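> This is the structure I want to talk about, given as structure tokens.
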Amino acid sequence: MTQVRRLLGYIKPYTPRFIGAFLLMALVGACEALMALLIRPVFDAVLAPGAFSQVVLFSLPLSHRRIYLEDLVPHRFHNIWTVVAVAIIGVTLIKGVAEFLATYFINYVGHSVVRDLRNLLYSRIIEQSVAFFSRHPTGRLMSSVTNDIEKVQSAVSQVAADSLRESFTLMGLLGVIFYLDWKLALVSLLLVPFVVLPSSKIGQYIRISSRHSQDKMAEISHVLQETFTGIRIVKAFSMELFEVMKFRAATKRLLKINLRWVKAQALTGPLMELLGAITIAGLLLYARNQILHHSQTTGGFVAFLYALIKMYEPIKRLTGVNNAFQQAVGASEQVFNYLDLPAEVTDRPGAVTLGPFREAIVFEHVEFEYEPGKPLLRDINLRIRKGEVVAIVGPSGAGKTTLANLIPRFFDVTAGHILIDGHDVRDVKLDSLRAQIGMVTQETILFDDTVFNNIAYGQTRRTLREVEDAARAALAHDFIVEMPLGYQTLIGERGQRLSGGQRQRIAIARALLKNPPLLILDEATSELDAESELLVQKALSNLMAGRTVLVIAHRLSTVRRADRIVVLDRGTICEMGTHEDLVARGGIYQRLHDLQFANAEP
């Protein structure tokens with residue numbers, strides 16, 4: 001019920017439309033009940049006026065029976081025929097208009113709620129730290145924003161509309177059968193628990209199966225995401241068949257889960273039909289005696305039977321609604337799990353705006369761990385002065401990229417402090433901190449958009465002239481103007497229409513346009529060929545001019561000119577100095593240097 005209450009809470013901004021839908025659906029139910037009541041005069045006075053007269057005659061004195069037959073019956077027959085005919089048309093028209101408006105209103109509310117919920121979920125996910133995305137597969141996150149939300153949409157739009165309509169219809173028809181024959185109505189309802197209880201159990205089973213189904217759907221999304229993004233590796237190793245078999249295995253698991261709740265859902269229909277048949281058979285036997293003894297008119301019984309049969313449809317649909325609702329509740333569990341996750345990196349209460357960078361970045365006894373008890377960085381003490389170029393080198397897994405990611409607070413330190421001009425980065429506003437930091441990484445992230453929008457990403461007010469100047473400084477302008485639409489050319493998903501060197505120079509142009517005082521270069525040239533690397537190195541030189549730079553590199557040739565080189569090994573700083581000093585010292589740096597240059601020899 002917690003998920004249900006939370007879903008209903010999102011309806012609050014749309015209360016007027018929801019109330020309108022509620023009242024209109026009540027009118028639909030009343031019209032359904034009125035249609036059932038119109039059956040009685042149709043059979044008693046319209047289709048069989050003689051039968052009606054006979055019933056009335058027995059209640060009149062002998063002296064009045066002749067007058068009634070000669071004068072009243074024809075007139076009454078004419079009036080009832082007209083009234084019933086007009087009433088059927090009028091009630092049907094009112095019901096149709098009310099149902100149309102109610103369905104529109106409730107779907108408006110439902111789709112609006114789902115839009116709000118999807119936007120909130122996306123915002124909450126994107127606000128999480130980088131560590132969150134390393135713990136949660138992309139396919140699982142995508143499935144929650146798309147598939148899980150779709151199930152919720154069904155609950156708060158179509159399911160809600162059906163639930164209101166069928167509930168009011170059921171209540172109206174229930175009132176009719178009690179009005180026509182309350183004793184017979186009570187007898188007929190004795191079988192209701194035999195329908196409700198199994199349906200409730202089946203609904204619970206469907207909710208659990210739905211949750212498992214969403215998990216398997218997320219697994220399929222994950223397989224798709226991995227295969228499509230890594231399609232070059234798949235083809236290079238001729239692994240198409242392997243990936244197809246893996247996908248088929250995932251879809252087979254989804255099929256098995258789906259068939260479980262399909263069987264449970266399919267069971268409710270035959271069960272209700274059987275109970276309905278038993279009820280109707282018993283009523284026919286009962287009605288025969290009632291009509292023969294004039295305790296009930298033919299029209300009264302037909303109206304009762306009509307209302308009872310009409311009740312079967314809303315009961316059946318409400319059972320289906322419950323099953324669909326249980327699926328939505330199961331899907332909403334993961335949605336609310338993500339919504340309830342607190343953001344790991346946020347502005348502290350009272351956070352201040354960080355002023356322009358003036359002095360230094362200082363690491364004081366910094367420690368960091370992804371998993372409790374497994375420290376990745378230990379007791380890091382480092383001072384990076386304004387205008388200084390500091391390189392971080394070391395074996396793979398030493399913590400170089402993690403160290404750099406702590407400065408813009410992609411993660412928060414486990415212990416110690418990182419200070420910028422004396423301010424702990426956790427005590428300043430995130431947007432003011434990250435506004436002063438530019439990054440160029442090994443994995444160039446570009447978007448399926450124009451060249452202009454990729455360079456001006458996050459800086460929408462920049463002019464074409466400013467973007468062109470940044471591209472020239474990044475040595476990217478020449479190849480951009482040769483594209484079909486120049487700066488308005490779409491570059492494809494992740495910039496796949498560009499070469500590696502071109503993608504990297506656009507990323508450098510983006511950093512140049514931002515013009516940050518602090519710059520982090522994380523393996524910015526490691527995947528380029530010699531010619532592209534030369535161009536990118538020139539572009540990086542333009543980017544680094546006059547800035548404080550932290551360079552992370554495996555290639556020692558790219559950090560020789562750094563003011564200082566910091567060597568990380570197993571999460572600690574083991575050496576620090578210039579290139580010449582570290583080579584002469586004969587430590588880890590000298591060993592890495594010899595290995596790289598030895599491997600470079602023919």
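Chains: A, B, ... in order of the structure tokens. Residues: from 1 per chain. Ligands: from 1, in order shown.
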Can you tell me which residues surround segment 559-562 of chain A at a distance of at most 6 Å, considering only C-alpha atoms, apart from same-chain residues fewer than 5 positions away, and format the answer as a list in words?
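That gives Val389, Val390 and His579 of chain A.
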> I need the residue nearest Arg494 of chain A from this list: A:Leu534, A:Ile420, A:Val451, A:Leu519. Use only C-alpha atoms for the distance.
A:Val451
> Enter the distance from atom CA of Gln436 of chain A to atom CA of Ala360 of chain A, in Å, rounded to one decimal.
13.0 Å
> Of the residues A:Ala539, A:Ala161, A:Leu308, A:Tyr370, which is the one nearest to Leu186 of chain A, using only C-alpha atoms?
A:Leu308
> Could you give me, as a list of chain:residue names, the residues within 10 Å of Lys216 of chain A, counting only C-alpha atoms and dropping anything in the same chain fewer than 4 positions from it?
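What passes the distance filter is A:Arg140, A:Ser143, A:Ser210, A:Arg211, A:His212, A:Ile220, A:Ser221, A:His222, A:Ala250, A:Thr251, A:Lys252, A:Arg253, A:Leu254, A:Leu255, A:Ile257, A:Asn258.
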> With C-alpha atoms retained, could you export that selection as a PDB file, in the first residue's frame?

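Below is the file selection.pdb, written as the result:
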```
ATOM      1  CA  ARG A 140      18.979  -1.234 -15.445  1.00  0.00           C
ATOM      2  CA  SER A 143      14.798   0.169 -18.017  1.00  0.00           C
ATOM      3  CA  SER A 210       5.827  -8.429 -12.722  1.00  0.00           C
ATOM      4  CA  ARG A 211       8.761  -7.333 -10.598  1.00  0.00           C
ATOM      5  CA  HIS A 212      10.781 -10.295 -11.866  1.00  0.00           C
ATOM      6  CA  ILE A 220      17.802  -7.372 -21.928  1.00  0.00           C
ATOM      7  CA  SER A 221      18.359  -3.598 -22.004  1.00  0.00           C
ATOM      8  CA  HIS A 222      21.787  -4.120 -20.485  1.00  0.00           C
ATOM      9  CA  ALA A 250      17.843 -13.371 -21.821  1.00  0.00           C
ATOM     10  CA  THR A 251      14.603 -13.251 -23.828  1.00  0.00           C
ATOM     11  CA  LYS A 252      13.902 -16.888 -22.920  1.00  0.00           C
ATOM     12  CA  ARG A 253      14.162 -16.045 -19.219  1.00  0.00           C
ATOM     13  CA  LEU A 254      11.810 -13.098 -19.775  1.00  0.00           C
ATOM     14  CA  LEU A 255       9.342 -15.351 -21.605  1.00  0.00           C
ATOM     15  CA  ILE A 257       8.546 -15.093 -16.209  1.00  0.00           C
ATOM     16  CA  ASN A 258       5.867 -13.504 -18.391  1.00  0.00           C
TER      17      ASN A 258
END
```
> Atom CA of Ile94 of chain A to atom CA of Trp182 of chain A: how many Å, to one decimal?
28.2 Å
> Just to confirm, what's the straight-line distance from atom CA of Val366 of chain A to atom CA of Lys514 of chain A in Å (one decimal)?
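Between atom CA of Val366 of chain A and atom CA of Lys514 of chain A the gap is 28.5 Å.
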> From the options A:Ala85, A:Val440, A:Ala553, A:Val583, which residue's atoms come nearest to Leu521 of chain A, counting only C-alpha atoms?
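Comparing A:Ala85, A:Val440, A:Ala553, A:Val583 against Leu521 of chain A, the winner is A:Val440.
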> List the spatial neighbours of segment 100-109 of chain A as a PDB file with N, CA and C atoms, in the first residue's frame - criterion: any atom at most 12 Å away, only C-alpha atoms, same-chain residues fewer than 2 positions off excluded.

```pdb
ATOM      1  N   LEU A   7       1.908   6.843  -5.244  1.00  0.00           N
ATOM      2  CA  LEU A   7       1.413   7.142  -6.591  1.00  0.00           C
ATOM      3  C   LEU A   7       0.248   8.130  -6.537  1.00  0.00           C
ATOM      4  N   LEU A   8      -0.657   7.910  -5.589  1.00  0.00           N
ATOM      5  CA  LEU A   8      -1.800   8.813  -5.455  1.00  0.00           C
ATOM      6  C   LEU A   8      -1.348  10.219  -5.073  1.00  0.00           C
ATOM      7  N   TYR A  10       1.059  11.868  -6.247  1.00  0.00           N
ATOM      8  CA  TYR A  10       1.454  12.639  -7.426  1.00  0.00           C
ATOM      9  C   TYR A  10       0.246  13.193  -8.187  1.00  0.00           C
ATOM     10  N   ILE A  11      -0.959  12.768  -7.799  1.00  0.00           N
ATOM     11  CA  ILE A  11      -2.175  13.263  -8.454  1.00  0.00           C
ATOM     12  C   ILE A  11      -2.560  14.644  -7.927  1.00  0.00           C
ATOM     13  N   LYS A  12      -2.038  15.031  -6.765  1.00  0.00           N
ATOM     14  CA  LYS A  12      -2.478  16.252  -6.084  1.00  0.00           C
ATOM     15  C   LYS A  12      -2.498  17.500  -6.982  1.00  0.00           C
ATOM     16  N   PRO A  13      -1.462  17.761  -7.813  1.00  0.00           N
ATOM     17  CA  PRO A  13      -1.526  18.973  -8.655  1.00  0.00           C
ATOM     18  C   PRO A  13      -2.664  18.951  -9.668  1.00  0.00           C
ATOM     19  N   TYR A  14      -3.237  17.788  -9.909  1.00  0.00           N
ATOM     20  CA  TYR A  14      -4.285  17.675 -10.926  1.00  0.00           C
ATOM     21  C   TYR A  14      -5.629  17.301 -10.293  1.00  0.00           C
ATOM     22  N   THR A  15      -5.807  17.708  -9.035  1.00  0.00           N
ATOM     23  CA  THR A  15      -7.012  17.345  -8.284  1.00  0.00           C
ATOM     24  C   THR A  15      -8.315  17.768  -8.965  1.00  0.00           C
ATOM     25  N   PRO A  16      -8.436  19.006  -9.501  1.00  0.00           N
ATOM     26  CA  PRO A  16      -9.713  19.400 -10.128  1.00  0.00           C
ATOM     27  C   PRO A  16     -10.131  18.462 -11.260  1.00  0.00           C
ATOM     28  N   ARG A  17      -9.192  18.100 -12.136  1.00  0.00           N
ATOM     29  CA  ARG A  17      -9.532  17.202 -13.242  1.00  0.00           C
ATOM     30  C   ARG A  17      -9.865  15.799 -12.722  1.00  0.00           C
ATOM     31  N   PHE A  18      -9.143  15.382 -11.687  1.00  0.00           N
ATOM     32  CA  PHE A  18      -9.420  14.055 -11.135  1.00  0.00           C
ATOM     33  C   PHE A  18     -10.809  14.012 -10.515  1.00  0.00           C
ATOM     34  N   ILE A  19     -11.185  15.070  -9.790  1.00  0.00           N
ATOM     35  CA  ILE A  19     -12.525  15.126  -9.198  1.00  0.00           C
ATOM     36  C   ILE A  19     -13.584  15.155 -10.297  1.00  0.00           C
ATOM     37  N   GLY A  20     -13.310  15.925 -11.371  1.00  0.00           N
ATOM     38  CA  GLY A  20     -14.243  15.950 -12.499  1.00  0.00           C
ATOM     39  C   GLY A  20     -14.427  14.568 -13.102  1.00  0.00           C
ATOM     40  N   ALA A  21     -13.321  13.840 -13.288  1.00  0.00           N
ATOM     41  CA  ALA A  21     -13.400  12.473 -13.822  1.00  0.00           C
ATOM     42  C   ALA A  21     -14.174  11.572 -12.870  1.00  0.00           C
ATOM     43  N   PHE A  22     -13.957  11.751 -11.577  1.00  0.00           N
ATOM     44  CA  PHE A  22     -14.646  10.952 -10.553  1.00  0.00           C
ATOM     45  C   PHE A  22     -16.158  11.154 -10.638  1.00  0.00           C
ATOM     46  N   LEU A  23     -16.592  12.405 -10.719  1.00  0.00           N
ATOM     47  CA  LEU A  23     -18.022  12.694 -10.762  1.00  0.00           C
ATOM     48  C   LEU A  23     -18.646  12.218 -12.066  1.00  0.00           C
ATOM     49  N   LEU A  24     -17.924  12.390 -13.167  1.00  0.00           N
ATOM     50  CA  LEU A  24     -18.445  11.948 -14.460  1.00  0.00           C
ATOM     51  C   LEU A  24     -18.562  10.426 -14.518  1.00  0.00           C
ATOM     52  N   MET A  25     -17.586   9.732 -13.929  1.00  0.00           N
ATOM     53  CA  MET A  25     -17.671   8.273 -13.893  1.00  0.00           C
ATOM     54  C   MET A  25     -18.843   7.823 -13.007  1.00  0.00           C
ATOM     55  N   ALA A  26     -19.124   8.586 -11.949  1.00  0.00           N
ATOM     56  CA  ALA A  26     -20.301   8.278 -11.126  1.00  0.00           C
ATOM     57  C   ALA A  26     -21.576   8.429 -11.953  1.00  0.00           C
ATOM     58  N   LEU A  27     -21.603   9.446 -12.823  1.00  0.00           N
ATOM     59  CA  LEU A  27     -22.753   9.630 -13.704  1.00  0.00           C
ATOM     60  C   LEU A  27     -22.879   8.467 -14.690  1.00  0.00           C
ATOM     61  N   VAL A  28     -21.742   7.966 -15.185  1.00  0.00           N
ATOM     62  CA  VAL A  28     -21.760   6.808 -16.083  1.00  0.00           C
ATOM     63  C   VAL A  28     -22.366   5.598 -15.372  1.00  0.00           C
ATOM     64  N   GLY A  29     -21.946   5.373 -14.122  1.00  0.00           N
ATOM     65  CA  GLY A  29     -22.509   4.266 -13.353  1.00  0.00           C
ATOM     66  C   GLY A  29     -24.000   4.418 -13.132  1.00  0.00           C
ATOM     67  N   LEU A  93     -27.071   8.820 -24.555  1.00  0.00           N
ATOM     68  CA  LEU A  93     -26.330  10.029 -24.947  1.00  0.00           C
ATOM     69  C   LEU A  93     -25.565  10.619 -23.760  1.00  0.00           C
ATOM     70  N   ILE A  94     -26.254  10.744 -22.629  1.00  0.00           N
ATOM     71  CA  ILE A  94     -25.603  11.297 -21.435  1.00  0.00           C
ATOM     72  C   ILE A  94     -24.435  10.416 -21.009  1.00  0.00           C
ATOM     73  N   LYS A  95     -24.643   9.110 -21.033  1.00  0.00           N
ATOM     74  CA  LYS A  95     -23.592   8.181 -20.648  1.00  0.00           C
ATOM     75  C   LYS A  95     -22.373   8.307 -21.566  1.00  0.00           C
ATOM     76  N   GLY A  96     -22.627   8.416 -22.877  1.00  0.00           N
ATOM     77  CA  GLY A  96     -21.526   8.522 -23.825  1.00  0.00           C
ATOM     78  C   GLY A  96     -20.711   9.784 -23.621  1.00  0.00           C
ATOM     79  N   VAL A  97     -21.394  10.924 -23.457  1.00  0.00           N
ATOM     80  CA  VAL A  97     -20.687  12.196 -23.248  1.00  0.00           C
ATOM     81  C   VAL A  97     -19.897  12.165 -21.944  1.00  0.00           C
ATOM     82  N   ALA A  98     -20.535  11.683 -20.871  1.00  0.00           N
ATOM     83  CA  ALA A  98     -19.859  11.624 -19.566  1.00  0.00           C
ATOM     84  C   ALA A  98     -18.658  10.697 -19.613  1.00  0.00           C
ATOM     85  N   HIS A 111      -1.294  10.596 -17.588  1.00  0.00           N
ATOM     86  CA  HIS A 111      -0.114  10.881 -18.403  1.00  0.00           C
ATOM     87  C   HIS A 111       0.703  12.025 -17.810  1.00  0.00           C
ATOM     88  N   SER A 112       0.029  12.999 -17.219  1.00  0.00           N
ATOM     89  CA  SER A 112       0.754  14.109 -16.582  1.00  0.00           C
ATOM     90  C   SER A 112       1.534  13.626 -15.364  1.00  0.00           C
ATOM     91  N   VAL A 113       0.895  12.759 -14.576  1.00  0.00           N
ATOM     92  CA  VAL A 113       1.581  12.204 -13.398  1.00  0.00           C
ATOM     93  C   VAL A 113       2.811  11.413 -13.819  1.00  0.00           C
ATOM     94  N   VAL A 114       2.662  10.610 -14.863  1.00  0.00           N
ATOM     95  CA  VAL A 114       3.785   9.798 -15.330  1.00  0.00           C
ATOM     96  C   VAL A 114       4.905  10.681 -15.875  1.00  0.00           C
ATOM     97  N   ARG A 115       4.529  11.748 -16.576  1.00  0.00           N
ATOM     98  CA  ARG A 115       5.556  12.688 -17.038  1.00  0.00           C
ATOM     99  C   ARG A 115       6.325  13.277 -15.855  1.00  0.00           C
ATOM    100  N   ASP A 116       5.585  13.703 -14.833  1.00  0.00           N
ATOM    101  CA  ASP A 116       6.245  14.269 -13.652  1.00  0.00           C
ATOM    102  C   ASP A 116       7.136  13.237 -12.975  1.00  0.00           C
ATOM    103  N   GLN A 153       2.490   4.125 -15.763  1.00  0.00           N
ATOM    104  CA  GLN A 153       1.572   4.921 -16.572  1.00  0.00           C
ATOM    105  C   GLN A 153       0.260   4.183 -16.781  1.00  0.00           C
ATOM    106  N   SER A 154       0.339   2.889 -17.001  1.00  0.00           N
ATOM    107  CA  SER A 154      -0.870   2.083 -17.156  1.00  0.00           C
ATOM    108  C   SER A 154      -1.734   2.153 -15.906  1.00  0.00           C
ATOM    109  N   ALA A 155      -1.088   2.157 -14.740  1.00  0.00           N
ATOM    110  CA  ALA A 155      -1.831   2.164 -13.473  1.00  0.00           C
ATOM    111  C   ALA A 155      -2.563   3.470 -13.253  1.00  0.00           C
ATOM    112  N   VAL A 156      -1.914   4.582 -13.545  1.00  0.00           N
ATOM    113  CA  VAL A 156      -2.489   5.878 -13.196  1.00  0.00           C
ATOM    114  C   VAL A 156      -3.253   6.527 -14.347  1.00  0.00           C
ATOM    115  N   SER A 157      -3.387   5.850 -15.456  1.00  0.00           N
ATOM    116  CA  SER A 157      -4.189   6.395 -16.551  1.00  0.00           C
ATOM    117  C   SER A 157      -5.275   5.411 -16.935  1.00  0.00           C
ATOM    118  N   GLN A 158      -4.949   4.409 -17.739  1.00  0.00           N
ATOM    119  CA  GLN A 158      -5.970   3.483 -18.218  1.00  0.00           C
ATOM    120  C   GLN A 158      -6.574   2.658 -17.088  1.00  0.00           C
ATOM    121  N   VAL A 159      -5.726   2.161 -16.192  1.00  0.00           N
ATOM    122  CA  VAL A 159      -6.233   1.360 -15.075  1.00  0.00           C
ATOM    123  C   VAL A 159      -7.135   2.203 -14.180  1.00  0.00           C
ATOM    124  N   ALA A 160      -6.724   3.443 -13.926  1.00  0.00           N
ATOM    125  CA  ALA A 160      -7.541   4.312 -13.086  1.00  0.00           C
ATOM    126  C   ALA A 160      -8.889   4.598 -13.738  1.00  0.00           C
ATOM    127  N   ALA A 161      -8.875   4.831 -15.059  1.00  0.00           N
ATOM    128  CA  ALA A 161     -10.135   5.087 -15.762  1.00  0.00           C
ATOM    129  C   ALA A 161     -11.055   3.873 -15.689  1.00  0.00           C
ATOM    130  N   ASP A 162     -10.513   2.711 -15.976  1.00  0.00           N
ATOM    131  CA  ASP A 162     -11.324   1.490 -15.915  1.00  0.00           C
ATOM    132  C   ASP A 162     -11.829   1.236 -14.499  1.00  0.00           C
ATOM    133  N   SER A 163     -10.967   1.489 -13.528  1.00  0.00           N
ATOM    134  CA  SER A 163     -11.342   1.232 -12.140  1.00  0.00           C
ATOM    135  C   SER A 163     -12.521   2.105 -11.717  1.00  0.00           C
ATOM    136  N   LEU A 164     -12.453   3.396 -12.035  1.00  0.00           N
ATOM    137  CA  LEU A 164     -13.549   4.293 -11.666  1.00  0.00           C
ATOM    138  C   LEU A 164     -14.838   3.920 -12.401  1.00  0.00           C
ATOM    139  N   ARG A 165     -14.733   3.709 -13.708  1.00  0.00           N
ATOM    140  CA  ARG A 165     -15.928   3.410 -14.494  1.00  0.00           C
ATOM    141  C   ARG A 165     -16.593   2.123 -14.021  1.00  0.00           C
TER     142      ARG A 165
END
```
> Using only C-alpha atoms, which residues sit within 12 Å of Leu174 of chain A once same-chain residues fewer than 6 positions away are excluded, as a list in words?
Gly29, Ala30, Glu32, Ala33, Leu34, Ala36, Leu37, Glu166, Ser167, Phe168, Leu180, Asp181, Trp182, Leu184, Ala185, Leu186, Ser188, Leu189, Phe304, Leu305, Tyr306, Ala307, Leu308, Ile309, Lys310, Met311, Tyr312, Pro314 and Ile315 of chain A
> Give me a file of those residues, with N, CA and C atoms, as a JSON list (two decimals), in the first residue's frame.

```
[["chain", "number", "residue", "atom", "x", "y", "z"],
["A", 29, "GLY", "N", -21.95, 5.37, -14.12],
["A", 29, "GLY", "CA", -22.51, 4.27, -13.35],
["A", 29, "GLY", "C", -24.00, 4.42, -13.13],
["A", 30, "ALA", "N", -24.44, 5.66, -12.86],
["A", 30, "ALA", "CA", -25.88, 5.90, -12.67],
["A", 30, "ALA", "C", -26.66, 5.62, -13.95],
["A", 32, "GLU", "N", -25.82, 3.48, -16.30],
["A", 32, "GLU", "CA", -25.87, 2.03, -16.47],
["A", 32, "GLU", "C", -27.00, 1.44, -15.62],
["A", 33, "ALA", "N", -27.13, 1.92, -14.40],
["A", 33, "ALA", "CA", -28.19, 1.43, -13.52],
["A", 33, "ALA", "C", -29.56, 1.80, -14.07],
["A", 34, "LEU", "N", -29.68, 3.04, -14.59],
["A", 34, "LEU", "CA", -30.97, 3.49, -15.12],
["A", 34, "LEU", "C", -31.37, 2.66, -16.35],
["A", 36, "ALA", "N", -30.69, -0.43, -16.80],
["A", 36, "ALA", "CA", -31.21, -1.70, -16.28],
["A", 36, "ALA", "C", -32.65, -1.55, -15.80],
["A", 37, "LEU", "N", -32.98, -0.43, -15.15],
["A", 37, "LEU", "CA", -34.34, -0.22, -14.66],
["A", 37, "LEU", "C", -35.33, -0.03, -15.80],
["A", 166, "GLU", "N", -15.81, 1.07, -13.88],
["A", 166, "GLU", "CA", -16.40, -0.21, -13.51],
["A", 166, "GLU", "C", -16.88, -0.22, -12.06],
["A", 167, "SER", "N", -16.21, 0.50, -11.19],
["A", 167, "SER", "CA", -16.64, 0.54, -9.79],
["A", 167, "SER", "C", -18.00, 1.21, -9.65],
["A", 168, "PHE", "N", -18.17, 2.36, -10.32],
["A", 168, "PHE", "CA", -19.46, 3.06, -10.24],
["A", 168, "PHE", "C", -20.56, 2.27, -10.95],
["A", 180, "LEU", "N", -34.89, -4.20, -6.87],
["A", 180, "LEU", "CA", -35.86, -5.10, -7.52],
["A", 180, "LEU", "C", -36.20, -6.29, -6.63],
["A", 181, "ASP", "N", -35.22, -6.88, -5.96],
["A", 181, "ASP", "CA", -35.50, -8.06, -5.11],
["A", 181, "ASP", "C", -34.30, -8.25, -4.17],
["A", 182, "TRP", "N", -34.41, -7.68, -2.98],
["A", 182, "TRP", "CA", -33.25, -7.68, -2.09],
["A", 182, "TRP", "C", -32.90, -9.08, -1.59],
["A", 184, "LEU", "N", -33.31, -11.95, -3.27],
["A", 184, "LEU", "CA", -32.62, -12.63, -4.37],
["A", 184, "LEU", "C", -31.21, -12.05, -4.57],
["A", 185, "ALA", "N", -31.08, -10.75, -4.32],
["A", 185, "ALA", "CA", -29.77, -10.11, -4.46],
["A", 185, "ALA", "C", -28.78, -10.68, -3.44],
["A", 186, "LEU", "N", -29.24, -10.85, -2.21],
["A", 186, "LEU", "CA", -28.36, -11.41, -1.18],
["A", 186, "LEU", "C", -27.93, -12.83, -1.53],
["A", 188, "SER", "N", -27.69, -14.08, -4.51],
["A", 188, "SER", "CA", -26.79, -14.01, -5.65],
["A", 188, "SER", "C", -25.38, -13.61, -5.24],
["A", 189, "LEU", "N", -25.26, -12.80, -4.20],
["A", 189, "LEU", "CA", -23.94, -12.29, -3.79],
["A", 189, "LEU", "C", -23.18, -13.25, -2.89],
["A", 304, "PHE", "N", -33.86, -7.70, -13.37],
["A", 304, "PHE", "CA", -32.93, -8.21, -12.35],
["A", 304, "PHE", "C", -31.82, -9.03, -13.01],
["A", 305, "LEU", "N", -32.22, -9.92, -13.91],
["A", 305, "LEU", "CA", -31.24, -10.78, -14.57],
["A", 305, "LEU", "C", -30.29, -9.96, -15.44],
["A", 306, "TYR", "N", -30.84, -8.96, -16.12],
["A", 306, "TYR", "CA", -30.01, -8.08, -16.95],
["A", 306, "TYR", "C", -28.97, -7.36, -16.09],
["A", 307, "ALA", "N", -29.42, -6.81, -14.96],
["A", 307, "ALA", "CA", -28.50, -6.08, -14.07],
["A", 307, "ALA", "C", -27.43, -7.02, -13.51],
["A", 308, "LEU", "N", -27.86, -8.25, -13.16],
["A", 308, "LEU", "CA", -26.90, -9.21, -12.60],
["A", 308, "LEU", "C", -25.86, -9.61, -13.64],
["A", 309, "ILE", "N", -26.31, -9.86, -14.87],
["A", 309, "ILE", "CA", -25.36, -10.23, -15.93],
["A", 309, "ILE", "C", -24.43, -9.06, -16.25],
["A", 310, "LYS", "N", -25.02, -7.84, -16.26],
["A", 310, "LYS", "CA", -24.18, -6.65, -16.50],
["A", 310, "LYS", "C", -23.16, -6.46, -15.40],
["A", 311, "MET", "N", -23.49, -6.90, -14.17],
["A", 311, "MET", "CA", -22.53, -6.81, -13.07],
["A", 311, "MET", "C", -21.31, -7.69, -13.30],
["A", 312, "TYR", "N", -21.51, -8.76, -14.03],
["A", 312, "TYR", "CA", -20.41, -9.70, -14.29],
["A", 312, "TYR", "C", -19.26, -9.00, -15.03],
["A", 314, "PRO", "N", -18.27, -5.63, -15.11],
["A", 314, "PRO", "CA", -17.39, -4.81, -14.28],
["A", 314, "PRO", "C", -16.58, -5.61, -13.26],
["A", 315, "ILE", "N", -17.20, -6.70, -12.72],
["A", 315, "ILE", "CA", -16.43, -7.53, -11.78],
["A", 315, "ILE", "C", -15.25, -8.16, -12.49]]
```
